[in-house]
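Structure data follow from structure07.cif (mmCIF, C-alpha atoms):
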data_run
loop_
_atom_site.label_atom_id
_atom_site.label_comp_id
_atom_site.auth_asym_id
_atom_site.auth_seq_id
_atom_site.Cartn_x
_atom_site.Cartn_y
_atom_site.Cartn_z
CA MET K 1 92.70 95.66 101.03
CA LYS K 2 92.50 99.38 101.77
CA LYS K 3 94.60 100.17 98.71
CA GLN K 4 92.49 97.93 96.45
CA ASN K 5 89.26 99.60 97.55
CA HIS K 6 90.83 102.98 96.91
CA ILE K 7 91.93 101.97 93.41
CA ILE K 8 88.44 100.68 92.64
CA LYS K 9 86.96 104.00 93.78
CA ILE K 10 89.39 105.94 91.57
CA ILE K 11 88.57 103.83 88.54
CA ALA K 12 84.82 104.08 89.16
CA VAL K 13 84.88 107.85 89.62
CA THR K 14 87.09 108.25 86.54
CA VAL K 15 84.76 106.19 84.34
CA VAL K 16 81.60 107.92 85.58
CA THR K 17 83.07 111.42 85.19
CA LEU K 18 84.32 110.43 81.73
CA LEU K 19 80.84 109.34 80.68
CA ILE K 20 79.29 112.52 82.07
CA ALA K 21 81.91 114.66 80.31
CA LEU K 22 81.34 112.79 77.04
CA VAL K 23 77.59 113.43 77.20
CA ILE K 24 78.15 117.09 78.01
CA GLU K 25 80.70 117.51 75.21
CA LEU K 26 78.45 115.83 72.66
CA THR K 27 75.60 118.10 73.72
CA MET K 28 77.80 121.18 73.49
CA PHE K 29 79.00 120.17 70.02
CA SER K 30 75.44 119.75 68.80
CA GLN K 31 74.32 123.04 70.39
CA HIS K 32 77.11 124.95 68.71
CA GLY K 33 76.49 123.35 65.33
CA ILE K 34 79.61 121.19 65.21
CA ALA K 35 79.09 117.76 63.69
CA VAL K 36 79.76 114.87 66.05
CA ILE K 37 81.81 113.12 63.37
CA SER K 38 83.96 116.16 62.63
CA GLN K 39 87.71 116.09 63.20
CA GLU K 40 87.70 118.44 66.21
CA SER K 41 84.93 116.61 68.06
CA ILE K 42 86.45 113.16 67.50
CA THR K 43 89.86 114.44 68.59
CA THR K 44 88.38 115.86 71.79
CA LEU K 45 86.45 112.70 72.60
CA VAL K 46 89.45 110.45 71.93
CA LEU K 47 91.63 112.66 74.14
CA MET K 48 89.12 112.37 76.96
CA ILE K 49 89.11 108.57 76.64
CA ILE K 50 92.92 108.41 76.53
CA VAL K 51 93.14 110.50 79.72
CA ALA K 52 90.78 108.07 81.49
CA ILE K 53 92.81 105.07 80.30
CA ILE K 54 96.06 106.66 81.53
CA VAL K 55 94.57 107.45 84.94
CA THR K 56 93.22 103.91 85.27
CA LEU K 57 96.51 102.28 84.30
CA LEU K 58 98.54 104.51 86.60
CA ALA K 59 96.18 103.87 89.52
CA VAL K 60 96.44 100.12 89.04
CA ALA K 61 100.24 100.26 88.64
CA ASP K 62 100.56 102.52 91.73
CA TRP K 63 103.29 104.63 90.21
CA HIS K 64 104.79 107.61 91.96
CA PHE K 65 102.93 110.27 89.96
CA SER K 66 99.61 108.43 89.58
CA ASN K 67 97.99 110.75 92.10
CA TYR K 68 98.90 113.80 90.04
CA ALA K 69 97.36 112.21 86.96
CA THR K 70 94.17 111.50 88.90
CA ILE K 71 93.94 115.09 90.13
CA ALA K 72 94.69 116.52 86.67
CA ALA K 73 92.10 114.30 84.99
CA MET K 74 89.46 115.22 87.55
CA MET K 75 90.21 118.90 87.01
CA TYR K 76 89.90 118.40 83.24
CA TYR K 77 86.56 116.62 83.53
CA GLY K 78 85.41 119.14 86.11
CA ILE K 79 86.12 122.03 83.76
CA ILE K 80 84.13 120.28 81.04
CA SER K 81 81.23 119.79 83.46
CA LEU K 82 81.41 123.41 84.59
CA GLY K 83 81.41 124.52 80.96
CA GLY K 84 78.33 122.43 80.33
CA LEU K 85 76.62 123.94 83.34
CA LEU K 86 77.37 127.50 82.24
CA GLN K 87 76.99 127.22 78.47
CA VAL K 88 73.91 125.05 78.00
CA LYS K 89 71.28 126.69 75.84
CA ALA K 90 67.60 126.64 76.81
CA LYS K 91 68.37 126.18 80.48
CA SER K 92 64.72 125.77 81.43
CA SER K 93 63.93 123.07 78.86
CA VAL K 94 63.93 119.41 79.82
CA SER K 95 67.17 118.69 77.97
CA GLY K 96 68.78 121.81 79.42
CA LEU K 97 67.80 120.82 82.95
CA LEU K 98 69.10 117.30 82.37
CA ILE K 99 72.46 118.60 81.15
CA GLN K 100 72.66 120.96 84.12
CA LEU K 101 71.89 118.09 86.50
CA LEU K 102 74.55 115.93 84.84
CA ALA K 103 77.01 118.80 85.04
CA ILE K 104 76.39 119.31 88.75
CA ILE K 105 76.79 115.59 89.39
CA GLY K 106 79.98 115.66 87.31
CA ILE K 107 81.39 118.58 89.28
CA VAL K 108 80.65 116.91 92.62
CA LEU K 109 82.23 113.65 91.42
CA CYS K 110 85.28 115.52 90.16
CA VAL K 111 85.77 117.17 93.55
CA TYR K 112 85.47 113.70 95.11
CA GLY K 113 88.01 112.43 92.55
CA ILE K 114 90.43 115.18 93.55
CA VAL K 115 90.01 114.13 97.19
CA LEU K 116 90.72 110.54 96.12
CA GLY K 117 93.86 111.73 94.34
CA VAL K 118 95.07 113.47 97.49
CA LYS K 119 94.29 110.34 99.51
CA GLN K 120 96.17 108.29 96.92
CA ARG K 121 99.21 110.49 97.51
CA GLU K 122 98.88 110.03 101.25
CA LEU K 123 98.71 106.24 100.91
CA PHE K 124 101.76 106.27 98.63
CA MET K 125 103.76 108.35 101.11
CA GLN K 126 102.76 106.05 103.98
CA LYS K 127 103.94 103.04 101.98
CA LYS K 128 107.19 104.79 101.13
CA TYR K 129 107.72 105.75 104.79
CA ARG K 130 107.08 102.17 105.96
CA GLU K 131 109.58 100.79 103.41
CA LYS K 132 112.15 103.36 104.51
CA ARG K 133 111.67 102.44 108.18
CA ARG K 134 112.09 98.74 107.38
CA GLY K 135 115.35 99.51 105.62
CA ILE K 136 116.72 101.34 108.67
CA LYS K 137 116.00 98.54 111.15
#

Serialized structure, structure tokens:
Amino acid sequence: MKKQNHIIKIIAVTVVTLLIALVIELTMFSQHGIAVISQESITTLVLMIIVAIIVTLLAVADWHFSNYATIAAMMYYGIISLGGLLQVKAKSSVSGLLIQLLAIIGIVLCVYGIVLGVKQRELFMQKKYREKRRGIK
């Protein structure tokens, strides 16, 4: 039960940080004059979605390196959120304030996601230790 709740938290945080990062990236593309349907923007958005799918599948499968994928994805989305916080134009406008608020929420969620990744590693090592102890007895 503890492991299932943890996996649900990882998936939820991954999806929410993905959505926040997508909004920030789309805003940054439009602010810098890059069309949303251009090759570079579509490639970036698809990469972000693929990373979220990989993290979700690895968390559900409980593979050995799933925690590293979770931490790496959260760092990736956190960097996008930090970039949105620092690079938004018209910081005092309503849209600028909204993007900054989303970016701060994204950064906080990414830090929480990194903590979840570390906890995921701890749970994996506990499971591995218990299996090893059962094999000795």

Explicit residue set for the PyMOL selection byres ((chain K and resi 120) around 10), as a ChimeraX atom specification | /K:3,6-7,10,59,62,64-68,70-71,114-119,121-126

For K:Ile54, which residue among K:Thr14, K:Ile80, K:Tyr112, K:Leu86 is the nearest when counting only C-alpha atoms?
->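 Nearest candidate to K:Ile54 out of K:Thr14, K:Ile80, K:Tyr112, K:Leu86: K:Thr14.
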
Which one is closest to K:Ala103: K:Ile79, K:Ala35, K:Ala52, K:Val46? Count all atoms listed in the file.
->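 Closest residue, counting all atoms listed in the file: K:Ile79.
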
Excluding K:Met48 and residues on its chain fewer than 3 positions from it, collect all residues at most 9 Å away from it, counting only C-alpha atoms, and give them as JSON, numbers by chain.
-> {"K": [18, 21, 22, 43, 44, 45, 51, 52, 53, 73, 76, 77]}

Would you put the residues from that selection into a file with C-alpha atoms, as a compact mmCIF listing (two decimals), in the frame of the given file?
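Everything below was put into again_4.txt:
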# COMPACT_ATOMS: atom_id res chain seq x y z
CA LEU K 18 84.32 110.43 81.73
CA ALA K 21 81.91 114.66 80.31
CA LEU K 22 81.34 112.79 77.04
CA THR K 43 89.86 114.44 68.59
CA THR K 44 88.38 115.86 71.79
CA LEU K 45 86.45 112.70 72.60
CA VAL K 51 93.14 110.50 79.72
CA ALA K 52 90.78 108.07 81.49
CA ILE K 53 92.81 105.07 80.30
CA ALA K 73 92.10 114.30 84.99
CA TYR K 76 89.90 118.40 83.24
CA TYR K 77 86.56 116.62 83.53

Could I get the residues of stretch 27-70 of chain K with an atom no further than 10 Å from an atom of stretch 88-102 of chain K, each paired with its nearest atom pair and that distance in Å to one decimal, using only C-alpha atoms, sorted by chain and residue number, as JSON lines?
{"residue": "K:Thr27", "atom": "CA", "partner": "K:Ile99", "partner_atom": "CA", "distance": 8.1}
{"residue": "K:Met28", "atom": "CA", "partner": "K:Val88", "partner_atom": "CA", "distance": 7.1}
{"residue": "K:Gln31", "atom": "CA", "partner": "K:Lys89", "partner_atom": "CA", "distance": 7.2}
{"residue": "K:His32", "atom": "CA", "partner": "K:Lys89", "partner_atom": "CA", "distance": 9.4}

Could you dump the residues just selected with C-alpha atoms as a CSV table (one decimal), in the frame of the given file?
chain,number,residue,atom,x,y,z
K,27,THR,CA,75.6,118.1,73.7
K,28,MET,CA,77.8,121.2,73.5
K,31,GLN,CA,74.3,123.0,70.4
K,32,HIS,CA,77.1,125.0,68.7
